[in-house]
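Content type PDB, C-alpha atoms, pLDDT in the B column, from the file model_39.pdb:
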ATOM      1  CA  MET A  25       0.000   0.000   0.000  1.00 46.00           C
ATOM      2  CA  ALA A  26       2.894   2.371   0.736  1.00 54.00           C
ATOM      3  CA  GLU A  27       3.998   2.101  -2.878  1.00 88.00           C
ATOM      4  CA  ARG A  28       0.535   3.192  -4.072  1.00 84.00           C
ATOM      5  CA  ASP A  29       0.696   6.170  -1.699  1.00 87.00           C
ATOM      6  CA  GLU A  30       4.124   7.079  -3.101  1.00 91.00           C
ATOM      7  CA  ILE A  31       2.750   6.930  -6.657  1.00 92.00           C
ATOM      8  CA  ALA A  32      -0.206   9.144  -5.640  1.00 93.00           C
ATOM      9  CA  HIS A  33       2.308  11.623  -4.208  1.00 91.00           C
ATOM     10  CA  GLU A  34       4.244  11.545  -7.518  1.00 92.00           C
ATOM     11  CA  LEU A  35       1.057  12.175  -9.508  1.00 94.00           C
ATOM     12  CA  ALA A  36       0.296  15.249  -7.389  1.00 93.00           C
ATOM     13  CA  GLY A  37       3.291  16.929  -9.044  1.00 92.00           C
ATOM     14  CA  PHE A  38       2.108  16.254 -12.604  1.00 94.00           C
ATOM     15  CA  ALA A  39       0.193  19.018 -14.404  1.00 91.00           C
ATOM     16  CA  LEU A  40      -2.424  16.522 -15.600  1.00 92.00           C
ATOM     17  CA  PHE A  41      -3.466  15.784 -12.007  1.00 93.00           C
ATOM     18  CA  ALA A  42      -3.044  19.261 -10.510  1.00 89.00           C
ATOM     19  CA  ASP A  43      -6.752  19.709  -9.756  1.00 88.00           C
ATOM     20  CA  LEU A  44      -7.232  16.416  -7.903  1.00 91.00           C
ATOM     21  CA  SER A  45      -7.342  15.996  -4.136  1.00 92.00           C
ATOM     22  CA  THR A  46      -5.286  13.363  -2.310  1.00 90.00           C
ATOM     23  CA  PRO A  47      -8.221  10.906  -2.085  1.00 92.00           C
ATOM     24  CA  GLN A  48      -8.903  11.424  -5.796  1.00 92.00           C
ATOM     25  CA  LEU A  49      -5.232  10.791  -6.605  1.00 93.00           C
ATOM     26  CA  GLN A  50      -5.334   7.574  -4.587  1.00 92.00           C
ATOM     27  CA  GLY A  51      -8.394   6.533  -6.600  1.00 90.00           C
ATOM     28  CA  VAL A  52      -6.480   7.220  -9.809  1.00 92.00           C
ATOM     29  CA  VAL A  53      -3.588   5.050  -8.669  1.00 92.00           C
ATOM     30  CA  HIS A  54      -5.946   2.160  -7.904  1.00 92.00           C
ATOM     31  CA  ALA A  55      -7.524   2.411 -11.376  1.00 94.00           C
ATOM     32  CA  PHE A  56      -4.152   1.998 -13.130  1.00 95.00           C
ATOM     33  CA  GLU A  57      -1.689  -0.890 -13.336  1.00 94.00           C
ATOM     34  CA  GLU A  58       2.057  -0.328 -13.250  1.00 94.00           C
ATOM     35  CA  ALA A  59       4.082  -1.514 -16.264  1.00 96.00           C
ATOM     36  CA  TRP A  60       7.811  -1.582 -17.046  1.00 97.00           C
ATOM     37  CA  PHE A  61       9.336  -1.615 -20.528  1.00 97.00           C
ATOM     38  CA  GLN A  62      12.932  -2.389 -21.486  1.00 98.00           C
ATOM     39  CA  ASP A  63      15.051  -0.151 -23.723  1.00 98.00           C
ATOM     40  CA  GLY A  64      13.874  -0.544 -27.331  1.00 97.00           C
ATOM     41  CA  GLU A  65      10.660  -2.347 -26.404  1.00 96.00           C
ATOM     42  CA  ARG A  66       7.564  -1.250 -28.315  1.00 95.00           C
ATOM     43  CA  VAL A  67       4.744  -0.195 -26.057  1.00 96.00           C
ATOM     44  CA  LEU A  68       2.326   0.567 -28.910  1.00 95.00           C
ATOM     45  CA  ARG A  69       2.683  -0.527 -32.527  1.00 94.00           C
ATOM     46  CA  GLN A  70       1.755   1.656 -35.465  1.00 93.00           C
ATOM     47  CA  GLY A  71      -1.319   0.266 -37.224  1.00 91.00           C
ATOM     48  CA  MET A  72      -2.065  -2.260 -34.475  1.00 88.00           C
ATOM     49  CA  THR A  73      -4.697  -2.109 -31.723  1.00 70.00           C
ATOM     50  CA  GLY A  74      -4.105   0.438 -28.967  1.00 73.00           C
ATOM     51  CA  GLY A  75      -4.197  -1.087 -25.518  1.00 83.00           C
ATOM     52  CA  GLY A  76      -4.865   1.764 -23.158  1.00 94.00           C
ATOM     53  CA  LEU A  77      -3.907   5.092 -21.696  1.00 96.00           C
ATOM     54  CA  TYR A  78      -0.267   5.245 -20.576  1.00 97.00           C
ATOM     55  CA  LEU A  79       1.196   7.739 -18.140  1.00 97.00           C
ATOM     56  CA  VAL A  80       4.992   8.019 -17.972  1.00 97.00           C
ATOM     57  CA  LEU A  81       6.298   7.812 -14.408  1.00 97.00           C
ATOM     58  CA  ASP A  82      10.010   7.373 -15.202  1.00 97.00           C
ATOM     59  CA  GLY A  83      12.078   7.249 -18.361  1.00 98.00           C
ATOM     60  CA  GLN A  84      11.293   8.344 -21.886  1.00 98.00           C
ATOM     61  CA  ALA A  85       9.168   7.107 -24.775  1.00 98.00           C
ATOM     62  CA  SER A  86      10.009   7.778 -28.401  1.00 98.00           C
ATOM     63  CA  ILE A  87       7.079   8.489 -30.736  1.00 95.00           C
ATOM     64  CA  ARG A  88       7.967   7.118 -34.186  1.00 95.00           C
ATOM     65  CA  VAL A  89       5.997   7.335 -37.409  1.00 92.00           C
ATOM     66  CA  ASP A  90       7.296   5.015 -40.121  1.00 92.00           C
ATOM     67  CA  ALA A  91      10.481   4.529 -38.033  1.00 90.00           C
ATOM     68  CA  GLU A  92      11.171   8.308 -37.865  1.00 93.00           C
ATOM     69  CA  GLU A  93      11.191   9.842 -34.389  1.00 94.00           C
ATOM     70  CA  ARG A  94       8.693  12.686 -34.150  1.00 91.00           C
ATOM     71  CA  ALA A  95       8.690  13.357 -30.413  1.00 91.00           C
ATOM     72  CA  ARG A  96       9.841  12.163 -27.015  1.00 95.00           C
ATOM     73  CA  LEU A  97       7.631  11.928 -23.988  1.00 97.00           C
ATOM     74  CA  SER A  98       8.928  11.950 -20.442  1.00 97.00           C
ATOM     75  CA  ARG A  99       7.795  11.996 -16.825  1.00 97.00           C
ATOM     76  CA  GLY A 100       4.236  13.264 -16.396  1.00 95.00           C
ATOM     77  CA  GLU A 101       3.280  12.936 -20.070  1.00 96.00           C
ATOM     78  CA  PHE A 102       0.794  10.442 -21.494  1.00 96.00           C
ATOM     79  CA  PHE A 103       0.049   8.537 -24.684  1.00 96.00           C
ATOM     80  CA  GLY A 104      -2.393   6.024 -26.159  1.00 95.00           C
ATOM     81  CA  GLU A 105      -5.447   8.195 -25.572  1.00 93.00           C
ATOM     82  CA  VAL A 106      -6.093   9.010 -29.238  1.00 90.00           C
ATOM     83  CA  SER A 107      -6.416   5.349 -30.247  1.00 91.00           C
ATOM     84  CA  ILE A 108      -8.718   4.651 -27.329  1.00 92.00           C
ATOM     85  CA  LEU A 109     -10.919   7.712 -27.840  1.00 90.00           C
ATOM     86  CA  LEU A 110     -11.238   7.209 -31.612  1.00 90.00           C
ATOM     87  CA  GLY A 111     -11.347   3.419 -31.551  1.00 91.00           C
ATOM     88  CA  GLU A 112      -8.590   3.319 -34.169  1.00 91.00           C
ATOM     89  CA  PRO A 113      -5.117   1.771 -34.289  1.00 93.00           C
ATOM     90  CA  PRO A 114      -2.161   3.923 -33.211  1.00 94.00           C
ATOM     91  CA  VAL A 115      -0.648   6.074 -35.962  1.00 92.00           C
ATOM     92  CA  ALA A 116       2.806   5.742 -34.404  1.00 93.00           C
ATOM     93  CA  ASP A 117       5.066   3.312 -32.622  1.00 95.00           C
ATOM     94  CA  VAL A 118       5.820   4.194 -29.023  1.00 96.00           C
ATOM     95  CA  VAL A 119       9.209   2.786 -28.039  1.00 97.00           C
ATOM     96  CA  ALA A 120      10.941   2.791 -24.645  1.00 98.00           C
ATOM     97  CA  VAL A 121      14.167   4.810 -24.533  1.00 98.00           C
ATOM     98  CA  GLY A 122      16.044   3.228 -21.671  1.00 97.00           C
ATOM     99  CA  MET A 123      13.957   1.746 -18.896  1.00 98.00           C
ATOM    100  CA  LEU A 124      10.381   3.078 -19.061  1.00 98.00           C
ATOM    101  CA  ARG A 125       7.941   2.907 -16.139  1.00 97.00           C
ATOM    102  CA  CYS A 126       4.287   3.711 -16.805  1.00 97.00           C
ATOM    103  CA  LEU A 127       0.870   3.557 -15.264  1.00 96.00           C
ATOM    104  CA  VAL A 128      -1.605   1.936 -17.659  1.00 96.00           C
ATOM    105  CA  LEU A 129      -5.382   2.186 -17.759  1.00 96.00           C
ATOM    106  CA  ALA A 130      -7.034  -0.474 -19.941  1.00 94.00           C
ATOM    107  CA  GLY A 131      -8.844   0.900 -22.975  1.00 92.00           C
ATOM    108  CA  PRO A 132     -12.394  -0.089 -21.963  1.00 93.00           C
ATOM    109  CA  ALA A 133     -12.025   1.795 -18.650  1.00 95.00           C
ATOM    110  CA  VAL A 134     -10.793   5.097 -20.139  1.00 95.00           C
ATOM    111  CA  GLU A 135     -14.169   6.678 -21.006  1.00 94.00           C
ATOM    112  CA  LYS A 136     -15.676   6.217 -17.538  1.00 95.00           C
ATOM    113  CA  PHE A 137     -12.395   7.212 -15.900  1.00 95.00           C
ATOM    114  CA  LEU A 138     -12.346  10.544 -17.782  1.00 94.00           C
ATOM    115  CA  LEU A 139     -16.056  11.276 -17.412  1.00 95.00           C
ATOM    116  CA  ASP A 140     -15.737  10.762 -13.649  1.00 94.00           C
ATOM    117  CA  ARG A 141     -12.878  13.309 -13.550  1.00 93.00           C
ATOM    118  CA  PRO A 142     -13.828  16.314 -15.737  1.00 93.00           C
ATOM    119  CA  ALA A 143     -10.912  18.478 -14.533  1.00 91.00           C
ATOM    120  CA  LEU A 144      -8.446  15.782 -15.537  1.00 93.00           C
ATOM    121  CA  MET A 145     -10.224  15.355 -18.880  1.00 93.00           C
ATOM    122  CA  TYR A 146      -9.960  19.113 -19.476  1.00 93.00           C
ATOM    123  CA  ARG A 147      -6.214  19.097 -18.740  1.00 94.00           C
ATOM    124  CA  MET A 148      -5.796  16.149 -21.105  1.00 93.00           C
ATOM    125  CA  LEU A 149      -7.665  18.098 -23.790  1.00 92.00           C
ATOM    126  CA  GLN A 150      -5.346  21.072 -23.218  1.00 92.00           C
ATOM    127  CA  ALA A 151      -2.276  18.845 -23.589  1.00 91.00           C
ATOM    128  CA  SER A 152      -3.700  17.340 -26.787  1.00 88.00           C
ATOM    129  CA  ALA A 153      -4.368  20.823 -28.166  1.00 90.00           C
ATOM    130  CA  ARG A 154      -0.742  21.795 -27.454  1.00 89.00           C
ATOM    131  CA  ARG A 155       0.466  18.672 -29.259  1.00 83.00           C
ATOM    132  CA  LEU A 156      -1.721  19.505 -32.256  1.00 82.00           C
ATOM    133  CA  ARG A 157      -0.457  23.090 -32.324  1.00 85.00           C
ATOM    134  CA  ASN A 158       3.161  21.910 -32.161  1.00 79.00           C
ATOM    135  CA  ALA A 159       2.571  19.319 -34.892  1.00 74.00           C
ATOM    136  CA  ASN A 160       1.087  22.008 -37.132  1.00 75.00           C
ATOM    137  CA  ARG A 161       4.121  24.239 -36.530  1.00 71.00           C
ATOM    138  CA  TRP A 162       6.399  21.319 -37.354  1.00 59.00           C
ATOM    139  CA  ARG A 163       4.665  20.820 -40.714  1.00 60.00           C
ATOM    140  CA  SER A 164       4.960  24.468 -41.799  1.00 55.00           C
TER     141      SER A 164
END
When written as structure tokens, how does the structure in this file appear?
Amino acid sequence: MAERDEIAHELAGFALFADLSTPQLQGVVHAFEEAWFQDGERVLRQGMTGGGLYLVLDGQASIRVDAEERARLSRGEFFGEVSILLGEPPVADVVAVGMLRCLVLAGPAVEKFLLDRPALMYRMLQASARRLRNANRWRS
């Protein structure tokens, strides 16, 4: 149980969870499973089924489209949500860079999880909007 409390304390420092109380953070931790990925291991595969919402606790994840790195995600960032929300396969590979530690919420649980936490959903929407803006800048 102490480990779950430590993870809840870590989440309190992430922008995505800034509006949640301690009991709410503990509820978040209990909804997720912890997962570890080795250096070079694919977490999500481009064109395959997305498995869930991933939150990076430690390490980095490389976002690769057709084997070309487009971005890196690190502590406090998330991925997998687009595939889950749209019901479509991922448009990129997500590959561990070094040891990667994540919290994972299974795809079928994501909708209820977000609807039960509107402030978190809003922060996720803001982060997605920033990603879209940055991607559009990258293309120009």
Problem - Pairwise distance for atom CA of Arg155 of chain A and atom CA of Ile108 of chain A, rounded to one decimal in Å - result: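 Between these atoms lies a distance of 16.9 Å.
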Exercise for the section: Would you please work out which residue, of A:Leu149, A:Leu97, A:Ala39, A:Leu110, is nearest to Val80 of chain A when using all atoms listed in the file? Expected result: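 Between A:Leu149, A:Leu97, A:Ala39, A:Leu110, the residue approaching Val80 of chain A most closely is A:Leu97.
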Problem - Polymer residues at most 9 Å from Glu112 of chain A, all atoms listed in the file, same-chain spacing of 2 or more positions, as a list in words - result: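 With the cut-off at 9 Å, the set is Gly71, Met72, Thr73, Gly74, Val106, Ser107, Ile108, Leu109, Leu110, Pro114 and Val115 of chain A.
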Exercise for the section: Taking the file above as input, evaluate the PyMOL selection byres ((chain A and resi 34) around 12) and report the hits as a PyMOL selection string. Expected result: chain A and resi 27-33+35-42+46+49-50+52-53+79-82+99-100+127
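Each of A:Leu156, A:Leu129, A:Leu144, A:Ala55 was compared to Glu105 of chain A using only C-alpha atoms, and A:Leu129 turns out to be the nearest.
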Handout entry: Pairwise distance for atom CA of Val121 of chain A and atom CA of Arg88 of chain A, rounded to one decimal in Å
Key = 11.7 Å
Practice task
Could you please determine the separation between atom CA of Pro47 of chain A and atom CA of Arg141 of chain A in Å, to one decimal place?
Solution key: 12.6 Å
Problem - Pick from A:Val118, A:Ile87, A:Ala143, A:Ala153, whichever lies nearest to Leu44 of chain A using all atoms listed in the file - result: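 Selected residue with least distance to Leu44 of chain A: A:Ala143.
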Handout entry: Residue contacts of segment 90-95 of chain A (10 Å, all atoms listed in the file) excluding same-chain residues fewer than 5 positions away, as a list in words
Key = Gln70, Ala85, Val115, Ala116, Asp117, Val118, Val119, Arg155, Ala159 and Trp162 of chain A
Practice task
Rank nothing, just name the residue among A:Arg125, A:Gly111, A:Ser98, A:Ser86 nearest to Glu57 of chain A, using all atoms listed in the file.
Solution key: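 Closest residue, counting all atoms listed in the file: A:Arg125.
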Handout entry: Top pick for closest residue to Val128 of chain A, considering A:Phe61, A:Leu77, A:Gly51, A:Arg69 and counting all atoms listed in the file
Key =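 Ranked by minimum distance to Val128 of chain A, first place goes to A:Leu77.
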Practice task
Enumerate, as a list in words, the residues matched when the PyMOL selection byres ((chain A and resi 123) around 6) is run on the file above.
Solution key: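 Checked against the file, the PyMOL selection byres ((chain A and resi 123) around 6) matches Phe61, Gln62, Asp63, Gly83, Gly122 and Leu124 of chain A.
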Practice task
Considering all atoms listed in the file, state which residue in the set A:Phe102, A:Ala120, A:Val89, A:Asn160 is at the smallest distance from Gly64 of chain A.
Solution key: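 Using all atoms listed in the file, the shortest distance to Gly64 of chain A belongs to A:Ala120.
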Just so I have it separately, write segment 36-137 of chain A from the block I sent, keeping C-alpha atoms, as a compact mmCIF listing (two decimals), in the first residue's frame.
# COMPACT_ATOMS: atom_id res chain seq x y z
CA ALA A 36 0.30 15.25 -7.39
CA GLY A 37 3.29 16.93 -9.04
CA PHE A 38 2.11 16.25 -12.60
CA ALA A 39 0.19 19.02 -14.40
CA LEU A 40 -2.42 16.52 -15.60
CA PHE A 41 -3.47 15.78 -12.01
CA ALA A 42 -3.04 19.26 -10.51
CA ASP A 43 -6.75 19.71 -9.76
CA LEU A 44 -7.23 16.42 -7.90
CA SER A 45 -7.34 16.00 -4.14
CA THR A 46 -5.29 13.36 -2.31
CA PRO A 47 -8.22 10.91 -2.08
CA GLN A 48 -8.90 11.42 -5.80
CA LEU A 49 -5.23 10.79 -6.60
CA GLN A 50 -5.33 7.57 -4.59
CA GLY A 51 -8.39 6.53 -6.60
CA VAL A 52 -6.48 7.22 -9.81
CA VAL A 53 -3.59 5.05 -8.67
CA HIS A 54 -5.95 2.16 -7.90
CA ALA A 55 -7.52 2.41 -11.38
CA PHE A 56 -4.15 2.00 -13.13
CA GLU A 57 -1.69 -0.89 -13.34
CA GLU A 58 2.06 -0.33 -13.25
CA ALA A 59 4.08 -1.51 -16.26
CA TRP A 60 7.81 -1.58 -17.05
CA PHE A 61 9.34 -1.62 -20.53
CA GLN A 62 12.93 -2.39 -21.49
CA ASP A 63 15.05 -0.15 -23.72
CA GLY A 64 13.87 -0.54 -27.33
CA GLU A 65 10.66 -2.35 -26.40
CA ARG A 66 7.56 -1.25 -28.31
CA VAL A 67 4.74 -0.19 -26.06
CA LEU A 68 2.33 0.57 -28.91
CA ARG A 69 2.68 -0.53 -32.53
CA GLN A 70 1.76 1.66 -35.46
CA GLY A 71 -1.32 0.27 -37.22
CA MET A 72 -2.06 -2.26 -34.47
CA THR A 73 -4.70 -2.11 -31.72
CA GLY A 74 -4.10 0.44 -28.97
CA GLY A 75 -4.20 -1.09 -25.52
CA GLY A 76 -4.87 1.76 -23.16
CA LEU A 77 -3.91 5.09 -21.70
CA TYR A 78 -0.27 5.25 -20.58
CA LEU A 79 1.20 7.74 -18.14
CA VAL A 80 4.99 8.02 -17.97
CA LEU A 81 6.30 7.81 -14.41
CA ASP A 82 10.01 7.37 -15.20
CA GLY A 83 12.08 7.25 -18.36
CA GLN A 84 11.29 8.34 -21.89
CA ALA A 85 9.17 7.11 -24.78
CA SER A 86 10.01 7.78 -28.40
CA ILE A 87 7.08 8.49 -30.74
CA ARG A 88 7.97 7.12 -34.19
CA VAL A 89 6.00 7.34 -37.41
CA ASP A 90 7.30 5.01 -40.12
CA ALA A 91 10.48 4.53 -38.03
CA GLU A 92 11.17 8.31 -37.86
CA GLU A 93 11.19 9.84 -34.39
CA ARG A 94 8.69 12.69 -34.15
CA ALA A 95 8.69 13.36 -30.41
CA ARG A 96 9.84 12.16 -27.02
CA LEU A 97 7.63 11.93 -23.99
CA SER A 98 8.93 11.95 -20.44
CA ARG A 99 7.79 12.00 -16.82
CA GLY A 100 4.24 13.26 -16.40
CA GLU A 101 3.28 12.94 -20.07
CA PHE A 102 0.79 10.44 -21.49
CA PHE A 103 0.05 8.54 -24.68
CA GLY A 104 -2.39 6.02 -26.16
CA GLU A 105 -5.45 8.19 -25.57
CA VAL A 106 -6.09 9.01 -29.24
CA SER A 107 -6.42 5.35 -30.25
CA ILE A 108 -8.72 4.65 -27.33
CA LEU A 109 -10.92 7.71 -27.84
CA LEU A 110 -11.24 7.21 -31.61
CA GLY A 111 -11.35 3.42 -31.55
CA GLU A 112 -8.59 3.32 -34.17
CA PRO A 113 -5.12 1.77 -34.29
CA PRO A 114 -2.16 3.92 -33.21
CA VAL A 115 -0.65 6.07 -35.96
CA ALA A 116 2.81 5.74 -34.40
CA ASP A 117 5.07 3.31 -32.62
CA VAL A 118 5.82 4.19 -29.02
CA VAL A 119 9.21 2.79 -28.04
CA ALA A 120 10.94 2.79 -24.64
CA VAL A 121 14.17 4.81 -24.53
CA GLY A 122 16.04 3.23 -21.67
CA MET A 123 13.96 1.75 -18.90
CA LEU A 124 10.38 3.08 -19.06
CA ARG A 125 7.94 2.91 -16.14
CA CYS A 126 4.29 3.71 -16.81
CA LEU A 127 0.87 3.56 -15.26
CA VAL A 128 -1.61 1.94 -17.66
CA LEU A 129 -5.38 2.19 -17.76
CA ALA A 130 -7.03 -0.47 -19.94
CA GLY A 131 -8.84 0.90 -22.97
CA PRO A 132 -12.39 -0.09 -21.96
CA ALA A 133 -12.03 1.80 -18.65
CA VAL A 134 -10.79 5.10 -20.14
CA GLU A 135 -14.17 6.68 -21.01
CA LYS A 136 -15.68 6.22 -17.54
CA PHE A 137 -12.40 7.21 -15.90
